[in-house]
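Q: Below you will find the structure I want to go over with you.
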There are 2 protein chains.
Amino acid sequence: MNNPLAISYEDIISASEVLKDVAHYTSVLTSRQADEQANAKLFFKCENLQRTGAFKFRGAFNAMRKLSADQQRRGVVAFSSGNHAQAVALAGRILNTPVRIVMPHDAPAMKMVATRAYGAEVIIYQRGVEDREAVAHRLVQEHALSLIPPFDHPDVIAGQGTAAKELFDSVGQLDYLFISTGGGGLLAGSAIAAAKLSPQCMVVGVEPEAGNDVQQSLRSGKPLRISVPNTIADGAQTQQVGQLTFPILQAHVKNIVTVTDAQLCRQMRFFAERMKMIVEPTGCLAAAAVMHKVVDVAGARVGVIVSGGNVDVDVFSSLAGTVKSFSKN
Amino acid sequence: MNNPLAISYEDIISASEVLKDVAHYTSVLTSRQADEQANAKLFFKCENLQRTGAFKFRGAFNAMRKLSADQQRRGVVAFSSGNHAQAVALAGRILNTPVRIVMPHDAPAMKMVATRAYGAEVIIYQRGVEDREAVAHRLVQEHALSLIPPFDHPDVIAGQGTAAKELFDSVGQLDYLFISTGGGGLLAGSAIAAAKLSPQCMVVGVEPEAGNDVQQSLRSGKPLRISVPNTIADGAQTQQVGQLTFPILQAHVKNIVTVTDAQLCRQMRFFAERMKMIVEPTGCLAAAAVMHKVVDVAGARVGVIVSGGNVDVDVFSSLAGTVKSFSKN
């Protein structure tokens with residue numbers, strides 16, 4: 001019988017080989033103060049220190065590296081104004097593959113500049129007038145390009161799973177693994193890795209409270225679509241879980257929890273003050289759930305994937321500056 | 001003939017053994033963007049990710065661990081309102097050694113709170129009325145305490161040298177090693193490690209422009225005393241190089257350079273934006289010299305010790321927010 005899921009652990013091993021010497025094998029940091037706050041032993045896998053500042057590079061590079069030589073030569077297209085755009089752009093630069101990124105006309109200028117700095121061509125579309133997927137698919141057809149989706153692609157999911165694989169390889173078995181959740185690519189890949197490398201580990205997805213579509217979808221047994229959630233976690237503003245990621249989550253993820261924007265701000269401040277790291281709001285989702293004890297992990301060994309660090313310094317200052325860090329109790 | 005210097009490489013090996021399983025073996029990070037800016041291959045040894053947020057923990061713990069059981073039981077005293085205070089306080093907590101920290105009455109409340117949070121007793125003196133060294137020495141005599149100086153002590157110097165040892169062990173030989181310089185403890189320890197592990201490596205100390213006492217002292221051949229320098233690099237506001245560190249610098253360090261506060265702010269912003277790290281102004285000294293090409297390191301393999309990350313989030317925001325990051329050229 002074929003595996004009904006999009007990927008298997010062997011795909012993650014294969015992705016690890018592809019990413020060797022290209023992606024950073026990111027640091028796993030620990031913090032006595034975090035442990036005291038959570039009353040557990042925490043291992044932070046720091047994908048904010050990954051190339052392009054987020055785990056997205058893993059999936060994008062793996063997917064693009066696995067295109068045929070001809071496909072690589074013709075080029076790729078992606079629609080994103082966030083971390084996936086920069087990931088695809090850098091992968092294209094490394095692989096010498098032309099990259100077009102479709103962004104709305106009102107995307108932050110800085111994001112466009114950053115994406116162009118990696119050598120990608122930015123294609124602007126009128127948000128509200130045009131549909132970005134239609135724009136991308138037209139490019140795919142006109143120029144015979146390959147579309148690199150942000151999460152719903154087997155090679156993307158397998159690539160994201162390498163972060164969790166590295167974490168288990170570094171620290172051994174865990175009782176819990178907390179994962180920031182948007183479209184479910186990182187969560188699905190991580191769950192496959194955990195099922196193999198630490199079968200007793202409970203994998204927990206964490207969404208922003210305002211956008212808990214994955215939580216709702218798993219409860220109702222089918223992918224639900226929500227309106228664009230109003231949250232500072234801009235990397236988790238997805239409206240619907242993926243068609244490929246959803247069955248993996250159904251098979252392997254028992255628990256999705258949510259955190260508030262205020263909790264994300266407090267976590268950003270903690271990371272800056274105590275662990276000397278800049279983490280973007282979306283990258284704080286998993287840690288915020290643990291540190292605010294949304295799940296009781298007392299006494300456990302807990303993995304936390306810090307998924308990204310791309311936040312403007314001034315935005316960071318205004319968000320982290322509004323809150324107090326964790327008090328002693 | 002005895003070695004006329006305070007420490008030898010064997011003392012650093014010994015300190016490494018003492019610190020094993022107690023100090024973090026900190027990450028070495030790389031950045032393509034930093035390499036492009038500096039036109040060299042840079043290796044950042046991240047002591048901002050060290051326990052207590054700075055390399056100071058290495059020297060303090062090594063010195064305190066090497067006290068006799070009786071000395072440890074009686075306790076230690078240190079005068080500092082900065083990273084050394086927290087380092088000694090944490091070391092005392094781990095070793096179950098009572099710690100008294102002498103601070104001026106006008107030290108930031110946050111520093112006092114942080115030091116007390118590690119279990120140390122804070123002794124306040126009236127700055128301008130009392131002399132802090134006199135206060136500390138009185139405590140030493142009254143309670144038979146051991147004084148743990150911030151840099152001018154063989155075991156402190158040897159402990160600081162372990163950071164450079166780890167860097168060479170991780171990345172091999174280097175052409176240059178840049179070190180933030182205050183009293184010269186980290187610089188002296190690093191120079192001893194470099195002389196053994198990478199003899200061709202040029203070790204470069206970096207001071208704030210406003211407080212270049214080590215540069216002046218090496219030029220004139222004797223330790224000079226300056227007034228308290230006006231710089232945001234509060235960890236390098238030392239007025240005079242150490243009696244033990246100076247001969248080591250004379251023997252091993254050919255080059256001391258300086259950077260401005262504006263360059264430190266720009267480096268803070270770069271670390272935050274591009275490498276997702278919070279680095280305090282003093283911790284930016286070494287990197288700022290490389291990234292602003294104060295020394296021409298084109299094509300070289302360059303080690304940079306990022307010495308600390310203890311800066312208030314609001315202070316960080318105001319400093320890093322005032323400047324632009326490095327432009328493309």
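Residue numbering restarts at 1 in every chain; chains get A, B, ... in the order shown in the structure tokens, and ligands count up from 1 in that same order.
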Please, which residues of chain A lie no more than 8 Å from chain B when the count uses only C-alpha atoms, and can they be set out as a short mmCIF file (atom, residue, chain, number, x, y, z; two decimals) with N, CA, C and O atoms, in the first residue's frame?
A:
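Final output, out-v9.cif:
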```cif
data_model
loop_
_atom_site.label_atom_id
_atom_site.label_comp_id
_atom_site.auth_asym_id
_atom_site.auth_seq_id
_atom_site.Cartn_x
_atom_site.Cartn_y
_atom_site.Cartn_z
N SER A 27 21.84 26.85 15.42
CA SER A 27 22.14 26.60 16.83
C SER A 27 20.90 26.18 17.60
O SER A 27 19.79 26.61 17.29
N ASN A 48 15.61 31.61 13.24
CA ASN A 48 15.83 33.04 12.95
C ASN A 48 17.28 33.27 12.54
O ASN A 48 17.58 34.27 11.88
N LEU A 49 18.15 32.34 12.89
CA LEU A 49 19.55 32.44 12.49
C LEU A 49 19.82 31.68 11.19
O LEU A 49 20.96 31.58 10.74
N GLY A 53 16.99 34.48 7.34
CA GLY A 53 16.33 34.78 8.61
C GLY A 53 15.10 33.97 8.93
O GLY A 53 14.32 34.35 9.80
N ARG A 269 10.06 40.36 23.73
CA ARG A 269 10.89 41.07 24.70
C ARG A 269 11.78 40.09 25.47
O ARG A 269 12.95 40.36 25.72
N ALA A 272 14.71 39.08 23.38
CA ALA A 272 15.70 40.16 23.26
C ALA A 272 16.46 40.35 24.56
O ALA A 272 17.69 40.41 24.57
N GLU A 273 15.74 40.43 25.67
CA GLU A 273 16.38 40.74 26.94
C GLU A 273 17.22 39.59 27.46
O GLU A 273 18.32 39.78 27.97
N ARG A 274 16.66 38.39 27.39
CA ARG A 274 17.29 37.28 28.07
C ARG A 274 18.12 36.40 27.15
O ARG A 274 19.05 35.74 27.60
N MET A 275 17.75 36.32 25.90
CA MET A 275 18.47 35.42 25.00
C MET A 275 19.15 36.17 23.87
O MET A 275 19.77 35.57 23.00
N LYS A 276 19.04 37.51 23.90
CA LYS A 276 19.80 38.38 23.00
C LYS A 276 19.51 38.11 21.53
O LYS A 276 20.38 38.19 20.67
N MET A 277 18.24 37.72 21.27
CA MET A 277 17.88 37.42 19.88
C MET A 277 16.71 38.28 19.44
O MET A 277 15.79 38.56 20.21
N ILE A 278 16.75 38.63 18.16
CA ILE A 278 15.60 39.27 17.52
C ILE A 278 14.76 38.15 16.90
O ILE A 278 15.25 37.37 16.07
N VAL A 279 13.51 38.06 17.31
CA VAL A 279 12.59 37.08 16.76
C VAL A 279 11.34 37.81 16.29
O VAL A 279 10.83 38.69 16.98
N GLY A 309 13.17 35.53 12.14
CA GLY A 309 13.59 36.76 12.82
C GLY A 309 13.43 38.01 11.99
O GLY A 309 14.03 39.04 12.30
N ASN A 310 12.62 37.94 10.94
CA ASN A 310 12.55 39.08 10.04
C ASN A 310 11.49 40.09 10.47
O ASN A 310 10.32 39.99 10.12
N VAL A 311 11.93 41.04 11.25
CA VAL A 311 11.06 42.13 11.68
C VAL A 311 11.90 43.40 11.63
O VAL A 311 13.06 43.42 12.03
N ASP A 312 11.30 44.44 11.09
CA ASP A 312 11.96 45.74 11.03
C ASP A 312 12.36 46.17 12.44
O ASP A 312 11.60 45.97 13.39
N VAL A 313 13.56 46.74 12.56
CA VAL A 313 14.05 47.12 13.89
C VAL A 313 13.10 48.09 14.58
O VAL A 313 12.87 48.01 15.78
N ASP A 314 12.51 49.00 13.82
CA ASP A 314 11.61 49.97 14.44
C ASP A 314 10.29 49.31 14.86
O ASP A 314 9.73 49.63 15.90
N SER A 317 11.02 47.42 17.96
CA SER A 317 11.11 48.30 19.13
C SER A 317 9.73 48.68 19.63
O SER A 317 9.47 48.71 20.83
N ALA A 320 8.06 45.24 21.14
CA ALA A 320 8.71 44.73 22.36
C ALA A 320 8.76 45.80 23.45
O ALA A 320 8.87 45.50 24.63
N GLY A 321 8.67 47.06 23.03
CA GLY A 321 8.74 48.14 24.01
C GLY A 321 7.44 48.38 24.75
O GLY A 321 7.41 49.09 25.76
#
```
Q: Can you pull out the residues contacting Val304 of chain A? Cut-off 12 Å, using only C-alpha atoms, and skip same-chain residues under 3 positions away; I want them as a PyMOL selection string.
A: chain A and resi 28-30+34-35+38+40-47+163-164+167-168+171+174-180+187+190+202-206+283-291+301+307
Q: Which residues are close to Arg266 of chain A, i.e. within 7 Å by only C-alpha atoms, leaving aside same-chain residues fewer than 5 positions away? Reply as a PyMOL selection string.
A: chain A and resi 320+323-325
Q: Keeping all heavy atoms, export the residues of the selection given above as a JSON list (two decimals), in the first residue's frame.
A:
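Contents of again-v8.json, as written:
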```json
[["chain", "number", "residue", "atom", "x", "y", "z"],
["A", 320, "ALA", "N", 8.06, 45.24, 21.14],
["A", 320, "ALA", "CA", 8.71, 44.73, 22.36],
["A", 320, "ALA", "C", 8.76, 45.80, 23.45],
["A", 320, "ALA", "O", 8.87, 45.50, 24.63],
["A", 320, "ALA", "CB", 10.11, 44.23, 22.05],
["A", 323, "VAL", "N", 5.57, 46.20, 26.33],
["A", 323, "VAL", "CA", 5.21, 45.21, 27.35],
["A", 323, "VAL", "C", 6.32, 45.02, 28.37],
["A", 323, "VAL", "O", 7.46, 45.39, 28.14],
["A", 323, "VAL", "CB", 4.94, 43.83, 26.69],
["A", 323, "VAL", "CG1", 3.70, 43.89, 25.84],
["A", 323, "VAL", "CG2", 6.14, 43.40, 25.87],
["A", 324, "LYS", "N", 5.96, 44.44, 29.49],
["A", 324, "LYS", "CA", 6.95, 44.01, 30.47],
["A", 324, "LYS", "C", 7.31, 42.56, 30.16],
["A", 324, "LYS", "O", 6.49, 41.80, 29.65],
["A", 324, "LYS", "CB", 6.35, 44.09, 31.87],
["A", 324, "LYS", "CG", 6.11, 45.51, 32.35],
["A", 324, "LYS", "CD", 7.42, 46.18, 32.73],
["A", 324, "LYS", "CE", 7.21, 47.68, 32.98],
["A", 324, "LYS", "NZ", 8.45, 48.43, 32.83],
["A", 325, "SER", "N", 8.52, 42.18, 30.51],
["A", 325, "SER", "CA", 8.91, 40.78, 30.35],
["A", 325, "SER", "C", 8.23, 39.95, 31.44],
["A", 325, "SER", "O", 7.47, 40.47, 32.24],
["A", 325, "SER", "CB", 10.42, 40.67, 30.43],
["A", 325, "SER", "OG", 10.83, 39.37, 30.09]]
```
Q: Please compute the atom CA of Ala78 of chain B-atom CA of Glu166 of chain B distance, one decimal, in Å.
A: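 Distance between the two atoms: 26.8 Å.
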Q: Fewer than 5 positions away in the same chain doesn't count, so skip those; otherwise give me all residues within 6 Å of segment 231-237 of chain A, counting only C-alpha atoms, as a PyMOL selection string.
A: chain A and resi 182+281-282
Q: For a quick check of understanding, using only C-alpha atoms, which of B:Asp213, B:Val129, B:Ser81, B:Val135 has the smallest distance to Thr115 of chain B?
A: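 So, comparing all the options, the nearest one is B:Ser81.
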Q: Just list the residues in segment 242-303 of chain A DSSP gives alpha helix (DSSP H) on the backbone, as a count of residues only.
A: 30
Q: Rank nothing, just name the residue among A:Ser198, A:Gln33, A:Ser146, A:Gln126 nearest to Arg73 of chain A, using only C-alpha atoms.
A: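 Ranked by minimum distance to Arg73 of chain A, first place goes to A:Ser146.
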